[in-house]
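Reading through the structure tokens given below for one structure.
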Amino acid sequence: MTGHESDGERTFAALPPAQGRGFAQTWWGQAWLRALEDAALDTGQVKTGRGLARAGAVGAVSVRPGRITAVVQDRDRTTHRADVLLSELPAEQWDRLIDMALERAGHVAALLDREMPPHLVEDAASAGIELLPGLGDLEPECDCGAWDHCGHTAALCYQVARLLDQDPFVLLLMRGRGEHALLEDMQARGAAPAEETPEPEGVDAAEAYAAGDILPPLPAPPELPAEPGLPPSLDTEAPPGPGVDPVAVRHLAARTAVEAHRLLAVALRQPSAPPPPVVELTADQDAVRLAVAAPDQALTERLAGGSGRDPRSLADATRAWELGGADALSVLEEDWEPSGGALARARAALDSAWEEDERPSLTAGGNRWTVVGAPAQVRLGRDGRWWPYREEGGRWMLAGPAALDPATALASAEFVSAEEQR
């Protein structure tokens, strides 16, 4: 954006039509438009003004303290001079505002980067200095004779929102101080030039927090991809470096994509719920996670050795991981004795899960209850969930996901056993 500035006035060339875009992308530009749209008594005129601005009917815009002016062409090609007035800040308020800006070097740097620091706006408002216009602050004047905002003054406001998006100094000039005069005042009070005190990129945390009620809403969350992404190809003519196993690296990248897809699914399914706690996996647990869908036998054997398992027990562990992650793996490999309240709750759950004449005969061993005369078992996890197990070749195998009551879990184990006997 370019503008000619002389003696406290800037003139901006007519902007092209705003086809397919909003008029305000920044939070301060949106605040400007809210001041127009909330105060206008005739929403039809606001809509007309928006259409005129979108069609490029607003000519060059003149900005000076307390006033903006432009010639607006109607749809019938008649032209009207439109003015919008905004009260200037008194000298004592400018003094306080400059002091606030100089308290943080980041404020000056943000302004020079054509950003309006939200923390500065909030602090100023708390001190009774209203930088952004509020309800009724934008006073219209138009030679069409309208006493409220007409389509011409509304069109001017929409076009100025585009100018404000690109340069917040336009608003400061309307409030009484141009860019050069304001920077001279700051430097006269001992502010070092922004070029000599570069600030790190980003926004101060306090400023971001203070802007919570004036920033635009976050965009809609992304859609969950149908499946995890594919890792980049490692097929090159160059030989791998010493100690680099291309198969292992490719598999590691693939499993990382799967885990990223899972975490995104959890975040999108529960946008208002607190994120689940991050659990650090042990080396043994991580080896099981990586062994899921391992591409070749050599990699599987390498992961089995690294986790202290043989290939057969690693296969059992990976099945458990696929059905329930680290929790399922713990139930598979950990035999513990419920005590106190945990045992009482477990027995109460077992007693209430079936009618008296339907309850199977169970033998207990630690956290495991086995059906007498049947290859089915339920195991209690430390979180109170029940896991179904079935016996295969003298080994107990996880038969399905966890359930909140033992009857549902045992039904899963018995169903799988029945299906395999067919």
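Starting from 1 in every chain, residues are counted up; chains themselves are A, B, ... following the order of the structure tokens, and ligands are numbered from 1 as listed.
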
DSSP says helix (DSSP H, G or I) for which residues of stretch 78-243 of chain A? Put them as a PDB file with N, CA and C atoms, in the first residue's frame?
```
ATOM      1  N   ALA A  91      -4.142  16.155  23.545  1.00  0.00           N
ATOM      2  CA  ALA A  91      -2.681  16.082  23.694  1.00  0.00           C
ATOM      3  C   ALA A  91      -2.273  15.258  24.902  1.00  0.00           C
ATOM      4  N   GLU A  92      -3.004  15.388  26.038  1.00  0.00           N
ATOM      5  CA  GLU A  92      -2.601  14.644  27.232  1.00  0.00           C
ATOM      6  C   GLU A  92      -2.771  13.136  27.035  1.00  0.00           C
ATOM      7  N   GLN A  93      -3.782  12.728  26.245  1.00  0.00           N
ATOM      8  CA  GLN A  93      -3.939  11.300  25.973  1.00  0.00           C
ATOM      9  C   GLN A  93      -2.833  10.794  25.063  1.00  0.00           C
ATOM     10  N   TRP A  94      -2.409  11.603  24.099  1.00  0.00           N
ATOM     11  CA  TRP A  94      -1.282  11.204  23.262  1.00  0.00           C
ATOM     12  C   TRP A  94      -0.011  11.038  24.098  1.00  0.00           C
ATOM     13  N   ASP A  95       0.191  11.915  25.060  1.00  0.00           N
ATOM     14  CA  ASP A  95       1.368  11.788  25.925  1.00  0.00           C
ATOM     15  C   ASP A  95       1.347  10.463  26.679  1.00  0.00           C
ATOM     16  N   ARG A  96       0.185  10.096  27.231  1.00  0.00           N
ATOM     17  CA  ARG A  96       0.094   8.837  27.972  1.00  0.00           C
ATOM     18  C   ARG A  96       0.259   7.645  27.037  1.00  0.00           C
ATOM     19  N   LEU A  97      -0.315   7.764  25.834  1.00  0.00           N
ATOM     20  CA  LEU A  97      -0.215   6.656  24.878  1.00  0.00           C
ATOM     21  C   LEU A  97       1.235   6.429  24.452  1.00  0.00           C
ATOM     22  N   ILE A  98       1.974   7.506  24.218  1.00  0.00           N
ATOM     23  CA  ILE A  98       3.382   7.377  23.838  1.00  0.00           C
ATOM     24  C   ILE A  98       4.178   6.743  24.965  1.00  0.00           C
ATOM     25  N   ASP A  99       3.896   7.149  26.187  1.00  0.00           N
ATOM     26  CA  ASP A  99       4.584   6.541  27.332  1.00  0.00           C
ATOM     27  C   ASP A  99       4.309   5.040  27.395  1.00  0.00           C
ATOM     28  N   MET A 100       3.076   4.643  27.154  1.00  0.00           N
ATOM     29  CA  MET A 100       2.738   3.215  27.159  1.00  0.00           C
ATOM     30  C   MET A 100       3.479   2.473  26.043  1.00  0.00           C
ATOM     31  N   ALA A 101       3.545   3.092  24.866  1.00  0.00           N
ATOM     32  CA  ALA A 101       4.231   2.435  23.752  1.00  0.00           C
ATOM     33  C   ALA A 101       5.709   2.247  24.047  1.00  0.00           C
ATOM     34  N   LEU A 102       6.305   3.224  24.736  1.00  0.00           N
ATOM     35  CA  LEU A 102       7.733   3.155  25.007  1.00  0.00           C
ATOM     36  C   LEU A 102       8.075   2.194  26.143  1.00  0.00           C
ATOM     37  N   GLU A 103       7.052   1.762  26.896  1.00  0.00           N
ATOM     38  CA  GLU A 103       7.321   0.809  27.974  1.00  0.00           C
ATOM     39  C   GLU A 103       7.789  -0.533  27.422  1.00  0.00           C
ATOM     40  N   ALA A 105       9.607  -2.155  23.978  1.00  0.00           N
ATOM     41  CA  ALA A 105      10.208  -1.912  22.659  1.00  0.00           C
ATOM     42  C   ALA A 105       9.447  -2.660  21.573  1.00  0.00           C
ATOM     43  N   GLY A 106       8.818  -3.769  21.955  1.00  0.00           N
ATOM     44  CA  GLY A 106       8.072  -4.548  20.971  1.00  0.00           C
ATOM     45  C   GLY A 106       6.897  -3.798  20.397  1.00  0.00           C
ATOM     46  N   HIS A 107       6.329  -2.831  21.160  1.00  0.00           N
ATOM     47  CA  HIS A 107       5.214  -2.045  20.641  1.00  0.00           C
ATOM     48  C   HIS A 107       5.657  -1.202  19.453  1.00  0.00           C
ATOM     49  N   VAL A 108       6.781  -0.530  19.604  1.00  0.00           N
ATOM     50  CA  VAL A 108       7.283   0.319  18.519  1.00  0.00           C
ATOM     51  C   VAL A 108       7.637  -0.547  17.305  1.00  0.00           C
ATOM     52  N   ALA A 109       8.306  -1.658  17.567  1.00  0.00           N
ATOM     53  CA  ALA A 109       8.685  -2.543  16.457  1.00  0.00           C
ATOM     54  C   ALA A 109       7.453  -3.078  15.744  1.00  0.00           C
ATOM     55  N   ALA A 110       6.401  -3.428  16.504  1.00  0.00           N
ATOM     56  CA  ALA A 110       5.175  -3.953  15.882  1.00  0.00           C
ATOM     57  C   ALA A 110       4.526  -2.897  15.000  1.00  0.00           C
ATOM     58  N   LEU A 111       4.460  -1.654  15.475  1.00  0.00           N
ATOM     59  CA  LEU A 111       3.876  -0.584  14.666  1.00  0.00           C
ATOM     60  C   LEU A 111       4.649  -0.387  13.368  1.00  0.00           C
ATOM     61  N   LEU A 112       5.979  -0.411  13.469  1.00  0.00           N
ATOM     62  CA  LEU A 112       6.787  -0.253  12.261  1.00  0.00           C
ATOM     63  C   LEU A 112       6.643  -1.433  11.316  1.00  0.00           C
ATOM     64  N   PRO A 118      -1.988  -5.562  20.358  1.00  0.00           N
ATOM     65  CA  PRO A 118      -3.237  -5.638  21.138  1.00  0.00           C
ATOM     66  C   PRO A 118      -3.057  -5.237  22.587  1.00  0.00           C
ATOM     67  N   HIS A 119      -1.883  -5.526  23.159  1.00  0.00           N
ATOM     68  CA  HIS A 119      -1.665  -5.166  24.564  1.00  0.00           C
ATOM     69  C   HIS A 119      -1.652  -3.653  24.733  1.00  0.00           C
ATOM     70  N   LEU A 120      -1.119  -2.948  23.760  1.00  0.00           N
ATOM     71  CA  LEU A 120      -1.114  -1.483  23.809  1.00  0.00           C
ATOM     72  C   LEU A 120      -2.540  -0.954  23.756  1.00  0.00           C
ATOM     73  N   VAL A 121      -3.368  -1.533  22.890  1.00  0.00           N
ATOM     74  CA  VAL A 121      -4.763  -1.093  22.776  1.00  0.00           C
ATOM     75  C   VAL A 121      -5.512  -1.350  24.084  1.00  0.00           C
ATOM     76  N   GLU A 122      -5.277  -2.523  24.677  1.00  0.00           N
ATOM     77  CA  GLU A 122      -5.954  -2.855  25.929  1.00  0.00           C
ATOM     78  C   GLU A 122      -5.514  -1.928  27.061  1.00  0.00           C
ATOM     79  N   ASP A 123      -4.210  -1.681  27.190  1.00  0.00           N
ATOM     80  CA  ASP A 123      -3.721  -0.792  28.243  1.00  0.00           C
ATOM     81  C   ASP A 123      -4.253   0.621  28.048  1.00  0.00           C
ATOM     82  N   ALA A 124      -4.299   1.064  26.793  1.00  0.00           N
ATOM     83  CA  ALA A 124      -4.801   2.402  26.519  1.00  0.00           C
ATOM     84  C   ALA A 124      -6.278   2.511  26.903  1.00  0.00           C
ATOM     85  N   ALA A 125      -7.061   1.487  26.552  1.00  0.00           N
ATOM     86  CA  ALA A 125      -8.490   1.507  26.896  1.00  0.00           C
ATOM     87  C   ALA A 125      -8.684   1.537  28.408  1.00  0.00           C
ATOM     88  N   SER A 126      -7.839   0.792  29.125  1.00  0.00           N
ATOM     89  CA  SER A 126      -7.940   0.793  30.586  1.00  0.00           C
ATOM     90  C   SER A 126      -7.649   2.172  31.161  1.00  0.00           C
ATOM     91  N   GLY A 151     -25.094   4.559   1.782  1.00  0.00           N
ATOM     92  CA  GLY A 151     -24.248   3.616   1.070  1.00  0.00           C
ATOM     93  C   GLY A 151     -22.878   4.185   0.754  1.00  0.00           C
ATOM     94  N   HIS A 152     -22.790   5.524   0.609  1.00  0.00           N
ATOM     95  CA  HIS A 152     -21.518   6.139   0.235  1.00  0.00           C
ATOM     96  C   HIS A 152     -20.549   6.163   1.422  1.00  0.00           C
ATOM     97  N   THR A 153     -21.033   6.588   2.592  1.00  0.00           N
ATOM     98  CA  THR A 153     -20.135   6.599   3.752  1.00  0.00           C
ATOM     99  C   THR A 153     -19.802   5.175   4.207  1.00  0.00           C
ATOM    100  N   ALA A 154     -20.762   4.245   4.053  1.00  0.00           N
ATOM    101  CA  ALA A 154     -20.471   2.846   4.400  1.00  0.00           C
ATOM    102  C   ALA A 154     -19.404   2.288   3.468  1.00  0.00           C
ATOM    103  N   ALA A 155     -19.508   2.608   2.165  1.00  0.00           N
ATOM    104  CA  ALA A 155     -18.499   2.134   1.211  1.00  0.00           C
ATOM    105  C   ALA A 155     -17.122   2.679   1.582  1.00  0.00           C
ATOM    106  N   LEU A 156     -17.070   3.964   1.995  1.00  0.00           N
ATOM    107  CA  LEU A 156     -15.792   4.549   2.404  1.00  0.00           C
ATOM    108  C   LEU A 156     -15.221   3.802   3.604  1.00  0.00           C
ATOM    109  N   CYS A 157     -16.072   3.467   4.576  1.00  0.00           N
ATOM    110  CA  CYS A 157     -15.591   2.744   5.762  1.00  0.00           C
ATOM    111  C   CYS A 157     -15.050   1.371   5.392  1.00  0.00           C
ATOM    112  N   TYR A 158     -15.740   0.674   4.484  1.00  0.00           N
ATOM    113  CA  TYR A 158     -15.257  -0.648   4.075  1.00  0.00           C
ATOM    114  C   TYR A 158     -13.916  -0.544   3.363  1.00  0.00           C
ATOM    115  N   GLN A 159     -13.752   0.491   2.542  1.00  0.00           N
ATOM    116  CA  GLN A 159     -12.476   0.638   1.851  1.00  0.00           C
ATOM    117  C   GLN A 159     -11.357   0.992   2.828  1.00  0.00           C
ATOM    118  N   VAL A 160     -11.672   1.828   3.820  1.00  0.00           N
ATOM    119  CA  VAL A 160     -10.658   2.205   4.810  1.00  0.00           C
ATOM    120  C   VAL A 160     -10.255   0.990   5.645  1.00  0.00           C
ATOM    121  N   ALA A 161     -11.175   0.033   5.847  1.00  0.00           N
ATOM    122  CA  ALA A 161     -10.805  -1.186   6.561  1.00  0.00           C
ATOM    123  C   ALA A 161      -9.669  -1.904   5.850  1.00  0.00           C
ATOM    124  N   ARG A 162      -9.668  -1.875   4.531  1.00  0.00           N
ATOM    125  CA  ARG A 162      -8.577  -2.494   3.776  1.00  0.00           C
ATOM    126  C   ARG A 162      -7.268  -1.730   3.987  1.00  0.00           C
ATOM    127  N   LEU A 163      -7.366  -0.400   4.065  1.00  0.00           N
ATOM    128  CA  LEU A 163      -6.162   0.388   4.325  1.00  0.00           C
ATOM    129  C   LEU A 163      -5.630   0.114   5.730  1.00  0.00           C
ATOM    130  N   LEU A 164      -6.535   0.018   6.693  1.00  0.00           N
ATOM    131  CA  LEU A 164      -6.110  -0.255   8.068  1.00  0.00           C
ATOM    132  C   LEU A 164      -5.444  -1.617   8.190  1.00  0.00           C
ATOM    133  N   ASP A 165      -5.950  -2.604   7.453  1.00  0.00           N
ATOM    134  CA  ASP A 165      -5.324  -3.924   7.477  1.00  0.00           C
ATOM    135  C   ASP A 165      -3.841  -3.845   7.165  1.00  0.00           C
ATOM    136  N   GLN A 166      -3.502  -2.982   6.231  1.00  0.00           N
ATOM    137  CA  GLN A 166      -2.122  -2.906   5.763  1.00  0.00           C
ATOM    138  C   GLN A 166      -1.271  -1.927   6.570  1.00  0.00           C
ATOM    139  N   PHE A 169      -1.069   2.854  11.066  1.00  0.00           N
ATOM    140  CA  PHE A 169      -0.804   4.282  11.205  1.00  0.00           C
ATOM    141  C   PHE A 169      -1.915   5.124  10.585  1.00  0.00           C
ATOM    142  N   VAL A 170      -2.719   4.515   9.690  1.00  0.00           N
ATOM    143  CA  VAL A 170      -3.876   5.230   9.136  1.00  0.00           C
ATOM    144  C   VAL A 170      -4.836   5.597  10.261  1.00  0.00           C
ATOM    145  N   LEU A 171      -5.074   4.656  11.181  1.00  0.00           N
ATOM    146  CA  LEU A 171      -5.958   4.927  12.326  1.00  0.00           C
ATOM    147  C   LEU A 171      -5.345   5.988  13.240  1.00  0.00           C
ATOM    148  N   LEU A 172      -4.027   5.896  13.482  1.00  0.00           N
ATOM    149  CA  LEU A 172      -3.378   6.865  14.362  1.00  0.00           C
ATOM    150  C   LEU A 172      -3.429   8.267  13.761  1.00  0.00           C
ATOM    151  N   LEU A 173      -3.335   8.355  12.426  1.00  0.00           N
ATOM    152  CA  LEU A 173      -3.449   9.662  11.784  1.00  0.00           C
ATOM    153  C   LEU A 173      -4.857  10.219  11.971  1.00  0.00           C
ATOM    154  N   MET A 174      -5.870   9.373  11.840  1.00  0.00           N
ATOM    155  CA  MET A 174      -7.242   9.828  12.079  1.00  0.00           C
ATOM    156  C   MET A 174      -7.411  10.321  13.510  1.00  0.00           C
ATOM    157  N   GLU A 179       2.452   9.264  11.099  1.00  0.00           N
ATOM    158  CA  GLU A 179       3.547   8.348  11.412  1.00  0.00           C
ATOM    159  C   GLU A 179       4.822   9.111  11.765  1.00  0.00           C
ATOM    160  N   HIS A 180       5.213  10.065  10.918  1.00  0.00           N
ATOM    161  CA  HIS A 180       6.478  10.772  11.153  1.00  0.00           C
ATOM    162  C   HIS A 180       6.433  11.559  12.456  1.00  0.00           C
ATOM    163  N   ALA A 181       5.326  12.267  12.692  1.00  0.00           N
ATOM    164  CA  ALA A 181       5.222  13.057  13.917  1.00  0.00           C
ATOM    165  C   ALA A 181       5.241  12.168  15.150  1.00  0.00           C
ATOM    166  N   LEU A 182       4.570  11.034  15.060  1.00  0.00           N
ATOM    167  CA  LEU A 182       4.516  10.136  16.210  1.00  0.00           C
ATOM    168  C   LEU A 182       5.889   9.552  16.514  1.00  0.00           C
ATOM    169  N   LEU A 183       6.608   9.104  15.479  1.00  0.00           N
ATOM    170  CA  LEU A 183       7.935   8.540  15.709  1.00  0.00           C
ATOM    171  C   LEU A 183       8.915   9.595  16.221  1.00  0.00           C
ATOM    172  N   GLU A 184       8.772  10.820  15.745  1.00  0.00           N
ATOM    173  CA  GLU A 184       9.638  11.889  16.260  1.00  0.00           C
ATOM    174  C   GLU A 184       9.373  12.133  17.740  1.00  0.00           C
ATOM    175  N   ASP A 185       8.089  12.097  18.123  1.00  0.00           N
ATOM    176  CA  ASP A 185       7.766  12.272  19.548  1.00  0.00           C
ATOM    177  C   ASP A 185       8.374  11.149  20.374  1.00  0.00           C
ATOM    178  N   MET A 186       8.315   9.941  19.863  1.00  0.00           N
ATOM    179  CA  MET A 186       8.864   8.800  20.600  1.00  0.00           C
ATOM    180  C   MET A 186      10.374   8.925  20.748  1.00  0.00           C
ATOM    181  N   GLN A 187      11.042   9.289  19.670  1.00  0.00           N
ATOM    182  CA  GLN A 187      12.491   9.409  19.739  1.00  0.00           C
ATOM    183  C   GLN A 187      12.901  10.570  20.640  1.00  0.00           C
ATOM    184  N   ALA A 188      12.109  11.623  20.664  1.00  0.00           N
ATOM    185  CA  ALA A 188      12.418  12.757  21.528  1.00  0.00           C
ATOM    186  C   ALA A 188      12.322  12.368  23.003  1.00  0.00           C
ATOM    187  N   ALA A 194      13.891   1.731  16.045  1.00  0.00           N
ATOM    188  CA  ALA A 194      13.561   0.302  16.045  1.00  0.00           C
ATOM    189  C   ALA A 194      14.594  -0.507  15.284  1.00  0.00           C
ATOM    190  N   GLU A 195      15.261   0.146  14.269  1.00  0.00           N
ATOM    191  CA  GLU A 195      16.234  -0.621  13.491  1.00  0.00           C
ATOM    192  C   GLU A 195      17.429  -1.032  14.354  1.00  0.00           C
ATOM    193  N   GLU A 196      17.713  -0.242  15.427  1.00  0.00           N
ATOM    194  CA  GLU A 196      18.883  -0.531  16.237  1.00  0.00           C
ATOM    195  C   GLU A 196      18.576  -1.513  17.365  1.00  0.00           C
ATOM    196  N   ALA A 205       3.666 -12.958  24.986  1.00  0.00           N
ATOM    197  CA  ALA A 205       2.600 -13.797  25.527  1.00  0.00           C
ATOM    198  C   ALA A 205       1.521 -12.960  26.205  1.00  0.00           C
ATOM    199  N   ALA A 206       1.913 -11.930  26.935  1.00  0.00           N
ATOM    200  CA  ALA A 206       0.933 -11.080  27.609  1.00  0.00           C
ATOM    201  C   ALA A 206       0.039 -10.373  26.601  1.00  0.00           C
ATOM    202  N   GLU A 207       0.628  -9.939  25.473  1.00  0.00           N
ATOM    203  CA  GLU A 207      -0.168  -9.286  24.447  1.00  0.00           C
ATOM    204  C   GLU A 207      -1.165 -10.265  23.833  1.00  0.00           C
ATOM    205  N   ALA A 208      -0.712 -11.478  23.558  1.00  0.00           N
ATOM    206  CA  ALA A 208      -1.610 -12.470  22.971  1.00  0.00           C
ATOM    207  C   ALA A 208      -2.760 -12.786  23.922  1.00  0.00           C
ATOM    208  N   TYR A 209      -2.463 -12.894  25.218  1.00  0.00           N
ATOM    209  CA  TYR A 209      -3.520 -13.184  26.193  1.00  0.00           C
ATOM    210  C   TYR A 209      -4.504 -12.017  26.284  1.00  0.00           C
ATOM    211  N   ALA A 210      -3.992 -10.804  26.283  1.00  0.00           N
ATOM    212  CA  ALA A 210      -4.857  -9.639  26.401  1.00  0.00           C
ATOM    213  C   ALA A 210      -5.766  -9.486  25.203  1.00  0.00           C
ATOM    214  N   ALA A 211      -5.349 -10.021  24.048  1.00  0.00           N
ATOM    215  CA  ALA A 211      -6.136  -9.886  22.823  1.00  0.00           C
ATOM    216  C   ALA A 211      -7.191 -10.963  22.698  1.00  0.00           C
ATOM    217  N   GLY A 212      -7.386 -11.765  23.719  1.00  0.00           N
ATOM    218  CA  GLY A 212      -8.300 -12.898  23.614  1.00  0.00           C
ATOM    219  C   GLY A 212      -9.716 -12.522  23.240  1.00  0.00           C
ATOM    220  N   ASP A 213     -10.189 -11.333  23.705  1.00  0.00           N
ATOM    221  CA  ASP A 213     -11.570 -10.970  23.429  1.00  0.00           C
ATOM    222  C   ASP A 213     -11.719 -10.039  22.238  1.00  0.00           C
TER     223      ASP A 213
END
```

Can you pull out the residues contacting A:Ser313? Cut-off 12 Å, using only C-alpha atoms, and skip same-chain residues under 2 positions away; I want them as number ranges by chain. A: 288, 291, 300-301, 303-305, 307-311, 315-320, 329, 332-333, 395-397

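Residues in contact range of stretch 247-261 of chain A, defined as at most 9 Å between only C-alpha atoms, with sequence neighbours fewer than 6 positions away removed, read A:Leu224, A:Pro225, A:Glu227, A:Pro228, A:Gly229, A:Leu230, A:Pro231, A:Pro232, A:Ser233, A:Leu234, A:Arg289, A:Leu290, A:Val292, A:Ala293, A:Ala294, A:Pro295, A:Asp296, A:Leu299.
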
Same residues, all heavy atoms, output as a tab-separated table (two decimals), in the first residue's frame:
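Dumped to part_12.tsv:
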```tsv
chain	number	residue	atom	x	y	z
A	224	LEU	N	-9.83	-34.65	9.19
A	224	LEU	CA	-8.92	-35.77	9.42
A	224	LEU	C	-8.70	-36.50	8.10
A	224	LEU	O	-9.67	-36.92	7.45
A	224	LEU	CB	-9.51	-36.72	10.46
A	224	LEU	CG	-8.66	-37.96	10.79
A	224	LEU	CD1	-7.41	-37.53	11.53
A	224	LEU	CD2	-9.46	-38.95	11.62
A	225	PRO	N	-7.45	-36.66	7.65
A	225	PRO	CA	-7.21	-37.44	6.44
A	225	PRO	C	-7.72	-38.88	6.60
A	225	PRO	O	-7.80	-39.41	7.70
A	225	PRO	CB	-5.68	-37.41	6.29
A	225	PRO	CG	-5.23	-36.24	7.11
A	225	PRO	CD	-6.21	-36.12	8.23
A	227	GLU	N	-6.36	-41.59	5.87
A	227	GLU	CA	-5.33	-42.50	6.35
A	227	GLU	C	-4.04	-41.73	6.57
A	227	GLU	O	-3.89	-40.60	6.10
A	227	GLU	CB	-5.12	-43.64	5.34
A	227	GLU	CG	-4.77	-43.15	3.94
A	227	GLU	CD	-4.72	-44.27	2.92
A	227	GLU	OE1	-5.31	-45.33	3.19
A	227	GLU	OE2	-4.11	-44.07	1.87
A	228	PRO	N	-3.10	-42.32	7.31
A	228	PRO	CA	-1.82	-41.61	7.53
A	228	PRO	C	-1.10	-41.33	6.23
A	228	PRO	O	-1.27	-42.04	5.22
A	228	PRO	CB	-1.04	-42.59	8.42
A	228	PRO	CG	-2.06	-43.48	9.03
A	228	PRO	CD	-3.17	-43.60	8.03
A	229	GLY	N	-0.29	-40.29	6.24
A	229	GLY	CA	0.48	-39.96	5.06
A	229	GLY	C	1.61	-40.95	4.83
A	229	GLY	O	2.01	-41.71	5.72
A	230	LEU	N	2.11	-40.95	3.62
A	230	LEU	CA	3.20	-41.85	3.26
A	230	LEU	C	4.54	-41.14	3.47
A	230	LEU	O	4.69	-39.97	3.09
A	230	LEU	CB	3.07	-42.28	1.80
A	230	LEU	CG	1.84	-43.12	1.45
A	230	LEU	CD1	1.80	-43.39	-0.05
A	230	LEU	CD2	1.84	-44.42	2.22
A	231	PRO	N	5.51	-41.82	4.07
A	231	PRO	CA	6.82	-41.18	4.24
A	231	PRO	C	7.51	-41.02	2.90
A	231	PRO	O	7.17	-41.70	1.92
A	231	PRO	CB	7.57	-42.18	5.14
A	231	PRO	CG	6.91	-43.49	4.88
A	231	PRO	CD	5.46	-43.19	4.61
A	232	PRO	N	8.46	-40.11	2.81
A	232	PRO	CA	9.17	-39.92	1.54
A	232	PRO	C	9.96	-41.16	1.15
A	232	PRO	O	10.39	-41.94	1.99
A	232	PRO	CB	10.09	-38.72	1.82
A	232	PRO	CG	10.25	-38.72	3.31
A	232	PRO	CD	8.95	-39.21	3.86
A	233	SER	N	10.12	-41.32	-0.13
A	233	SER	CA	10.86	-42.48	-0.64
A	233	SER	C	12.34	-42.35	-0.32
A	233	SER	O	12.92	-41.26	-0.39
A	233	SER	CB	10.66	-42.60	-2.15
A	233	SER	OG	11.49	-43.63	-2.67
A	234	LEU	N	12.94	-43.49	0.06
A	234	LEU	CA	14.37	-43.52	0.33
A	234	LEU	C	15.15	-44.23	-0.76
A	234	LEU	O	16.33	-44.53	-0.60
A	234	LEU	CB	14.63	-44.21	1.69
A	234	LEU	CG	14.01	-43.53	2.91
A	234	LEU	CD1	14.31	-44.35	4.16
A	234	LEU	CD2	14.53	-42.12	3.08
A	289	ARG	N	5.66	-51.04	19.93
A	289	ARG	CA	4.95	-50.13	19.04
A	289	ARG	C	5.54	-50.15	17.63
A	289	ARG	O	4.81	-50.19	16.63
A	289	ARG	CB	5.02	-48.70	19.61
A	289	ARG	CG	4.30	-47.65	18.75
A	289	ARG	CD	4.50	-46.26	19.31
A	289	ARG	NE	5.88	-45.80	19.19
A	289	ARG	CZ	6.37	-45.21	18.09
A	289	ARG	NH1	5.61	-45.04	17.03
A	289	ARG	NH2	7.63	-44.83	18.06
A	290	LEU	N	6.86	-50.15	17.55
A	290	LEU	CA	7.51	-50.15	16.25
A	290	LEU	C	7.37	-51.50	15.54
A	290	LEU	O	7.47	-51.56	14.31
A	290	LEU	CB	8.98	-49.79	16.40
A	290	LEU	CG	9.26	-48.35	16.85
A	290	LEU	CD1	10.75	-48.16	17.11
A	290	LEU	CD2	8.77	-47.36	15.82
A	292	VAL	N	4.74	-53.23	15.25
A	292	VAL	CA	3.45	-53.36	14.56
A	292	VAL	C	3.68	-53.14	13.06
A	292	VAL	O	4.25	-52.14	12.64
A	292	VAL	CB	2.45	-52.33	15.11
A	292	VAL	CG1	1.16	-52.38	14.30
A	292	VAL	CG2	2.16	-52.60	16.58
A	293	ALA	N	3.25	-54.10	12.27
A	293	ALA	CA	3.39	-54.03	10.80
A	293	ALA	C	4.84	-53.91	10.35
A	293	ALA	O	5.13	-53.27	9.34
A	293	ALA	CB	2.57	-52.87	10.24
A	294	ALA	N	5.76	-54.52	11.10
A	294	ALA	CA	7.16	-54.51	10.66
A	294	ALA	C	7.27	-55.17	9.29
A	294	ALA	O	6.67	-56.20	9.03
A	294	ALA	CB	8.03	-55.26	11.68
A	295	PRO	N	8.06	-54.58	8.39
A	295	PRO	CA	8.03	-55.05	6.99
A	295	PRO	C	8.78	-56.35	6.71
A	295	PRO	O	8.53	-56.99	5.69
A	295	PRO	CB	8.67	-53.88	6.23
A	295	PRO	CG	9.58	-53.24	7.23
A	295	PRO	CD	8.89	-53.38	8.54
A	296	ASP	N	9.71	-56.74	7.56
A	296	ASP	CA	10.43	-57.98	7.25
A	296	ASP	C	10.85	-58.69	8.53
A	296	ASP	O	10.82	-58.11	9.63
A	296	ASP	CB	11.64	-57.72	6.34
A	296	ASP	CG	12.69	-56.82	6.99
A	296	ASP	OD1	12.64	-56.61	8.22
A	296	ASP	OD2	13.57	-56.34	6.26
A	299	LEU	N	13.86	-57.23	10.68
A	299	LEU	CA	13.54	-56.10	11.55
A	299	LEU	C	12.76	-56.58	12.77
A	299	LEU	O	12.98	-56.10	13.89
A	299	LEU	CB	12.74	-55.06	10.77
A	299	LEU	CG	12.37	-53.78	11.53
A	299	LEU	CD1	13.61	-53.10	12.10
A	299	LEU	CD2	11.60	-52.81	10.64
```

Just want the 12 Å neighbourhood of A:Asp335, counted on only C-alpha atoms, with same-chain residues fewer than 4 positions away dropped. Output as an MDAnalysis selection string. chainID A and resid 329:331 364:369 379:382

Residues within 12 Å of stretch 50-52 of chain A, please, as a ChimeraX atom specification. Count only C-alpha atoms; anything in the same chain fewer than 5 positions from it doesn't count. /A:16-24,33,36-37,43-45,57-59,71-77,79,150-161

Where does DSSP see strand (DSSP E or B) in stretch 85-194 of chain A, if you list the residues as a ChimeraX atom specification? /A:85,139-142

Quick one: write out the picked residues with N, CA and C atoms as a CSV table (one decimal), in the first residue's frame?
```csv
chain,number,residue,atom,x,y,z
A,85,LEU,N,-16.2,11.2,10.1
A,85,LEU,CA,-15.4,11.9,11.1
A,85,LEU,C,-15.2,11.0,12.3
A,139,GLU,N,-18.8,9.2,12.6
A,139,GLU,CA,-19.9,10.1,12.3
A,139,GLU,C,-19.9,10.4,10.8
A,140,PRO,N,-21.0,10.1,10.1
A,140,PRO,CA,-21.0,10.2,8.6
A,140,PRO,C,-21.4,11.6,8.1
A,141,GLU,N,-20.9,12.1,7.0
A,141,GLU,CA,-21.3,13.3,6.3
A,141,GLU,C,-21.3,13.0,4.8
A,142,CYS,N,-22.4,13.2,4.1
A,142,CYS,CA,-22.4,12.9,2.7
A,142,CYS,C,-23.3,14.0,2.0
```
